[in-house]
Amino acid sequence: MSVVSIYIPRLAQSMVDGEITEWLVADGDTVTEGQEILTLGTDKVEQVMQAPASGSITLIGEQGQTYKVGTQIAQISEA
């Protein structure tokens with residue numbers, strides 16, 4: 001079984017952090033690659049992120065919290 005980590009992405013050159021405004025899945029849910037999993041907010045935009053792989057998702061980041069770019073916020077365990 002492999003694990004795919006999900007990190008706060010850099011959506012713009014000047015972006016230093018992002019807020020998880022809403023998780024669209026629950027901890028332990030089975031997700032499919034391309035499925036919308038969360039809404040990420042910055043000082044300029046809000047963007048929906050998609051699952052990079054299929055499997056069981058473990059949420060690490062908390063909704064309503066702001067994290068630095070590159071911080072791991074979830075992982076998907078592929079079966």
# chains A, B, ... in the order shown; residues from 1 in each chain; ligands from 1
$ residues_around --residues "Val45 of chain A" --least-positions-apart "5" --cutoff "10 Å" --atoms "only C-alpha atoms" --output "PDB file with N, CA and C atoms, in the first residue's frame"
ATOM      1  N   LEU A  11      -0.240  28.806  -4.907  1.00  0.00           N
ATOM      2  CA  LEU A  11      -1.141  29.154  -6.004  1.00  0.00           C
ATOM      3  C   LEU A  11      -0.722  30.430  -6.725  1.00  0.00           C
ATOM      4  N   ALA A  12       0.154  31.210  -6.087  1.00  0.00           N
ATOM      5  CA  ALA A  12       0.668  32.445  -6.688  1.00  0.00           C
ATOM      6  C   ALA A  12       2.079  32.671  -6.162  1.00  0.00           C
ATOM      7  N   GLY A  18      -2.168  29.463   3.257  1.00  0.00           N
ATOM      8  CA  GLY A  18      -3.537  29.275   2.786  1.00  0.00           C
ATOM      9  C   GLY A  18      -4.394  28.726   3.897  1.00  0.00           C
ATOM     10  N   LEU A  40      -9.609  25.836  -0.547  1.00  0.00           N
ATOM     11  CA  LEU A  40      -8.448  26.512   0.007  1.00  0.00           C
ATOM     12  C   LEU A  40      -8.581  28.001  -0.274  1.00  0.00           C
TER      13      LEU A  40
END
$ select_by_dssp --residues "chain A" --states "strand (DSSP E)" --output "number ranges by chain"
A: 2-7, 17-23, 30-31, 36-41, 46-50, 55-59, 66-68, 72-78
$ closest_residue --among "A:Ser77, A:Ser5, A:Thr21, A:Thr32" --to "Gln63 of chain A" --atoms "only C-alpha atoms"
A:Thr21
$ residues_around --residues "Gly64 of chain A" --least-positions-apart "2" --cutoff "12 Å" --atoms "only C-alpha atoms" --output "list in words"
Gly18, Glu19, Ile20, Thr21, Glu22, Trp23, Leu38, Thr39, Leu40, Gly41, Thr42, Gly61, Glu62, Thr66 and Tyr67 of chain A
$ write_last_selection --atoms "C-alpha atoms" --output "PDB file, in the first residue's frame"
ATOM      1  CA  GLY A  18      -3.537  29.275   2.786  1.00  0.00           C
ATOM      2  CA  GLU A  19      -6.631  28.572   4.862  1.00  0.00           C
ATOM      3  CA  ILE A  20      -8.618  25.356   4.719  1.00  0.00           C
ATOM      4  CA  THR A  21     -12.008  27.032   4.393  1.00  0.00           C
ATOM      5  CA  GLU A  22     -13.945  23.780   4.016  1.00  0.00           C
ATOM      6  CA  TRP A  23     -13.239  20.064   3.878  1.00  0.00           C
ATOM      7  CA  LEU A  38     -11.349  20.840   0.017  1.00  0.00           C
ATOM      8  CA  THR A  39     -11.660  24.559  -0.529  1.00  0.00           C
ATOM      9  CA  LEU A  40      -8.448  26.512   0.007  1.00  0.00           C
ATOM     10  CA  GLY A  41      -8.587  30.254   0.611  1.00  0.00           C
ATOM     11  CA  THR A  42      -5.859  32.865   0.206  1.00  0.00           C
ATOM     12  CA  GLY A  61      -5.191  19.986   8.703  1.00  0.00           C
ATOM     13  CA  GLU A  62      -8.189  21.527  10.430  1.00  0.00           C
ATOM     14  CA  THR A  66      -4.216  28.724   8.093  1.00  0.00           C
ATOM     15  CA  TYR A  67      -1.059  26.820   7.119  1.00  0.00           C
TER      16      TYR A  67
END
$ residues_around --residues "Val3 of chain A" --least-positions-apart "5" --cutoff "7 Å" --atoms "only C-alpha atoms" --output "number ranges by chain"
A: 75-78
$ write_last_selection --atoms "C-alpha atoms" --output "JSON list (two decimals), in the first residue's frame"
[["chain", "number", "residue", "atom", "x", "y", "z"],
["A", 75, "GLN", "CA", -2.78, 11.88, 3.03],
["A", 76, "ILE", "CA", -4.39, 9.23, 0.90],
["A", 77, "SER", "CA", -3.64, 5.55, 1.46],
["A", 78, "GLU", "CA", -3.92, 3.75, -1.85]]
$ atom_distance --atom1 "atom CA of Ser56 of chain A" --atom2 "atom CA of Val16 of chain A"
28.5 Å
$ decode --residues "segment 19-63 of chain A" --atoms "C-alpha atoms" --output "tab-separated table (two decimals), in the first residue's frame"
chain	number	residue	atom	x	y	z
A	19	GLU	CA	-6.63	28.57	4.86
A	20	ILE	CA	-8.62	25.36	4.72
A	21	THR	CA	-12.01	27.03	4.39
A	22	GLU	CA	-13.94	23.78	4.02
A	23	TRP	CA	-13.24	20.06	3.88
A	24	LEU	CA	-15.58	18.50	1.30
A	25	VAL	CA	-14.83	14.97	2.61
A	26	ALA	CA	-14.63	13.44	6.07
A	27	ASP	CA	-11.66	11.74	7.72
A	28	GLY	CA	-11.54	8.10	6.60
A	29	ASP	CA	-13.69	8.60	3.50
A	30	THR	CA	-12.83	6.77	0.30
A	31	VAL	CA	-12.01	9.30	-2.43
A	32	THR	CA	-11.34	8.94	-6.13
A	33	GLU	CA	-8.63	10.72	-8.10
A	34	GLY	CA	-9.94	14.08	-9.30
A	35	GLN	CA	-12.68	14.28	-6.66
A	36	GLU	CA	-13.03	17.69	-5.00
A	37	ILE	CA	-11.79	17.34	-1.42
A	38	LEU	CA	-11.35	20.84	0.02
A	39	THR	CA	-11.66	24.56	-0.53
A	40	LEU	CA	-8.45	26.51	0.01
A	41	GLY	CA	-8.59	30.25	0.61
A	42	THR	CA	-5.86	32.87	0.21
A	43	ASP	CA	-5.92	36.62	0.58
A	44	LYS	CA	-6.90	36.87	-3.11
A	45	VAL	CA	-8.77	33.74	-4.23
A	46	GLU	CA	-10.58	30.61	-3.14
A	47	GLN	CA	-9.79	27.41	-4.99
A	48	VAL	CA	-11.15	23.88	-4.83
A	49	MET	CA	-8.46	21.19	-4.60
A	50	GLN	CA	-8.86	17.72	-6.03
A	51	ALA	CA	-7.63	14.38	-4.78
A	52	PRO	CA	-4.34	13.44	-6.49
A	53	ALA	CA	-5.05	9.72	-6.03
A	54	SER	CA	-7.77	7.24	-5.07
A	55	GLY	CA	-7.99	5.61	-1.65
A	56	SER	CA	-8.79	6.32	1.99
A	57	ILE	CA	-8.13	9.91	3.08
A	58	THR	CA	-6.73	10.92	6.46
A	59	LEU	CA	-7.26	14.58	7.32
A	60	ILE	CA	-4.39	16.29	9.15
A	61	GLY	CA	-5.19	19.99	8.70
A	62	GLU	CA	-8.19	21.53	10.43
A	63	GLN	CA	-10.96	23.47	8.74
